[in-house]
Amino acid sequence: MTDFFQDAPLRVAGREFASRLLVGTGKYRDFDETGEAIAASGAEVVTFAVRRTNLGQDAAAPNLLDVISPERYTLLPNTAGCYTAQDAVRTCRLARELLDGHNLVKLEVLGDDATLYPNVVETLAAAETLVEDGFDVMVYTSDDPIVARELERIGCCAVMPLGSLIGSGHGIQNPYNLRLIIEQAGVPVLVDAGIGTASEAAQAMELGCDGVLMNSAIAHARQPVLMASAMKQAVQAGREAFLAGRMPRRQGADPSSPLAGRINA
């Protein structure tokens, strides 16, 4: 942020974060690249798929915690790869055991392999069980404002509508629905999925989102560490632009220099 402006932190379930960029750990060449890119992103919250990540269960395999220290980052275990509420709940409980009682989770229940679109019926059921079980639930969902409102009513601590399909890089396809979700929400709204480049991250923030979560946009870039830095700056710029308030759109031109009082030759 600029020297003359200090933004309020992102607040999620009683936790405060200076960075509004959240990042994932998948799809990198190796754990070294993962660590370098995440450090360059400035992110404080790092999400990982519980079912696909070694946190020490396999002593012979690389351990994510060797490059993503829980002392430096807030870990956000997610339920990627789950297609039923039952599997998602079981996965969150496993994460809580592996991480010594950690209760902040990212819930995602997918509808099919082809689109990875959220199954909102199963998502709602899982969210209700997890909230009752004491979890702080950040939830991946569709861009349906009614579903988002219901997830907040259940008690989710953040609602995370997709910008477009997971890993597609198509950016924000429905800014109007996102704006409806933002306007009605009493919890943080973060775009999750679909961001492909820095301008799209900035767009999400300019719409009024509280943050952005991404993985593929950084990990699949030709230079992931450089893209991570670009995303950091884009999220900051988009946030400042939203808070500053854009100029109104006009039908005609409006000269920067007034015509009144000009000197005529």
# chains A, B, ... in the order shown; residues from 1 in each chain; ligands from 1
call {"tool": "select_by_dssp", "arguments": {"residues": "region 12-249 of chain A", "states": "strand (DSSP E)", "output": "PyMOL selection string"}}
result
chain A and resi 12+15-17+21-24+45-49+74-78+104-107+136-141+158-161+190-192+211-214
call {"tool": "select_by_dssp", "arguments": {"residues": "region 28-203 of chain A", "states": "alpha helix (DSSP H)", "output": "number ranges by chain"}}
result
A: 31-41, 85-98, 120-132, 145-154, 175-184, 198-203
call {"tool": "residues_around", "arguments": {"residues": "Arg90 (chain A)", "least_positions_apart": "2", "cutoff": "12 Å", "atoms": "only C-alpha atoms", "output": "ChimeraX atom specification"}}
result
/A:50-51,78-79,82-88,92-97,107,126,129-130,133
call {"tool": "residues_around", "arguments": {"residues": "Tyr140 (chain A)", "least_positions_apart": "5", "cutoff": "6 Å", "atoms": "only C-alpha atoms", "output": "MDAnalysis selection string"}}
result
chainID A and resid 108 160:161
call {"tool": "closest_residue", "arguments": {"among": "A:Asn63, A:Thr141, A:Thr115, A:Ser19", "to": "Ala43 (chain A)", "atoms": "only C-alpha atoms"}}
result
A:Ser19
call {"tool": "decode", "arguments": {"residues": "region 18-34 of chain A", "atoms": "N, CA, C and O atoms", "output": "compact mmCIF listing (two decimals), in the first residue's frame"}}
result
# COMPACT_ATOMS: atom_id res chain seq x y z
N ALA A 18 -2.71 -9.05 6.44
CA ALA A 18 -2.38 -7.84 5.69
C ALA A 18 -2.55 -8.09 4.19
O ALA A 18 -2.95 -7.19 3.44
N SER A 19 -2.22 -9.29 3.73
CA SER A 19 -2.35 -9.63 2.31
C SER A 19 -3.75 -10.13 2.02
O SER A 19 -4.33 -10.91 2.79
N ARG A 20 -4.29 -9.71 0.87
CA ARG A 20 -5.60 -10.18 0.42
C ARG A 20 -5.48 -11.19 -0.71
O ARG A 20 -6.47 -11.52 -1.35
N LEU A 21 -4.28 -11.67 -0.94
CA LEU A 21 -4.02 -12.72 -1.91
C LEU A 21 -3.78 -14.03 -1.17
O LEU A 21 -2.88 -14.12 -0.33
N LEU A 22 -4.57 -15.05 -1.48
CA LEU A 22 -4.41 -16.38 -0.92
C LEU A 22 -3.97 -17.30 -2.06
O LEU A 22 -4.46 -17.16 -3.18
N VAL A 23 -3.06 -18.21 -1.78
CA VAL A 23 -2.50 -19.02 -2.86
C VAL A 23 -2.50 -20.49 -2.51
O VAL A 23 -2.52 -20.89 -1.34
N GLY A 24 -2.46 -21.31 -3.57
CA GLY A 24 -2.41 -22.75 -3.42
C GLY A 24 -1.01 -23.28 -3.64
O GLY A 24 -0.09 -22.55 -4.02
N THR A 25 -0.86 -24.58 -3.45
CA THR A 25 0.47 -25.21 -3.49
C THR A 25 0.61 -26.23 -4.61
O THR A 25 1.68 -26.81 -4.77
N GLY A 26 -0.43 -26.48 -5.38
CA GLY A 26 -0.39 -27.53 -6.39
C GLY A 26 0.20 -27.07 -7.71
O GLY A 26 0.31 -25.89 -7.99
N LYS A 27 0.60 -28.06 -8.54
CA LYS A 27 0.94 -27.87 -9.94
C LYS A 27 2.31 -27.23 -10.18
O LYS A 27 2.67 -26.93 -11.31
N TYR A 28 3.09 -27.02 -9.13
CA TYR A 28 4.44 -26.48 -9.32
C TYR A 28 5.40 -27.60 -9.71
O TYR A 28 5.11 -28.79 -9.53
N ARG A 29 6.55 -27.22 -10.23
CA ARG A 29 7.55 -28.19 -10.68
C ARG A 29 8.05 -29.03 -9.49
O ARG A 29 8.23 -30.23 -9.60
N ASP A 30 8.27 -28.35 -8.36
CA ASP A 30 8.71 -29.05 -7.16
C ASP A 30 8.44 -28.15 -5.96
O ASP A 30 7.98 -27.01 -6.11
N PHE A 31 8.73 -28.65 -4.77
CA PHE A 31 8.45 -27.89 -3.56
C PHE A 31 9.33 -26.63 -3.46
O PHE A 31 8.91 -25.63 -2.86
N ASP A 32 10.52 -26.66 -4.03
CA ASP A 32 11.37 -25.46 -3.99
C ASP A 32 10.70 -24.32 -4.75
O ASP A 32 10.67 -23.17 -4.28
N GLU A 33 10.19 -24.62 -5.94
CA GLU A 33 9.49 -23.59 -6.71
C GLU A 33 8.23 -23.14 -5.99
O GLU A 33 7.90 -21.94 -5.99
N THR A 34 7.54 -24.08 -5.35
CA THR A 34 6.35 -23.72 -4.56
C THR A 34 6.71 -22.68 -3.51
O THR A 34 6.03 -21.65 -3.38
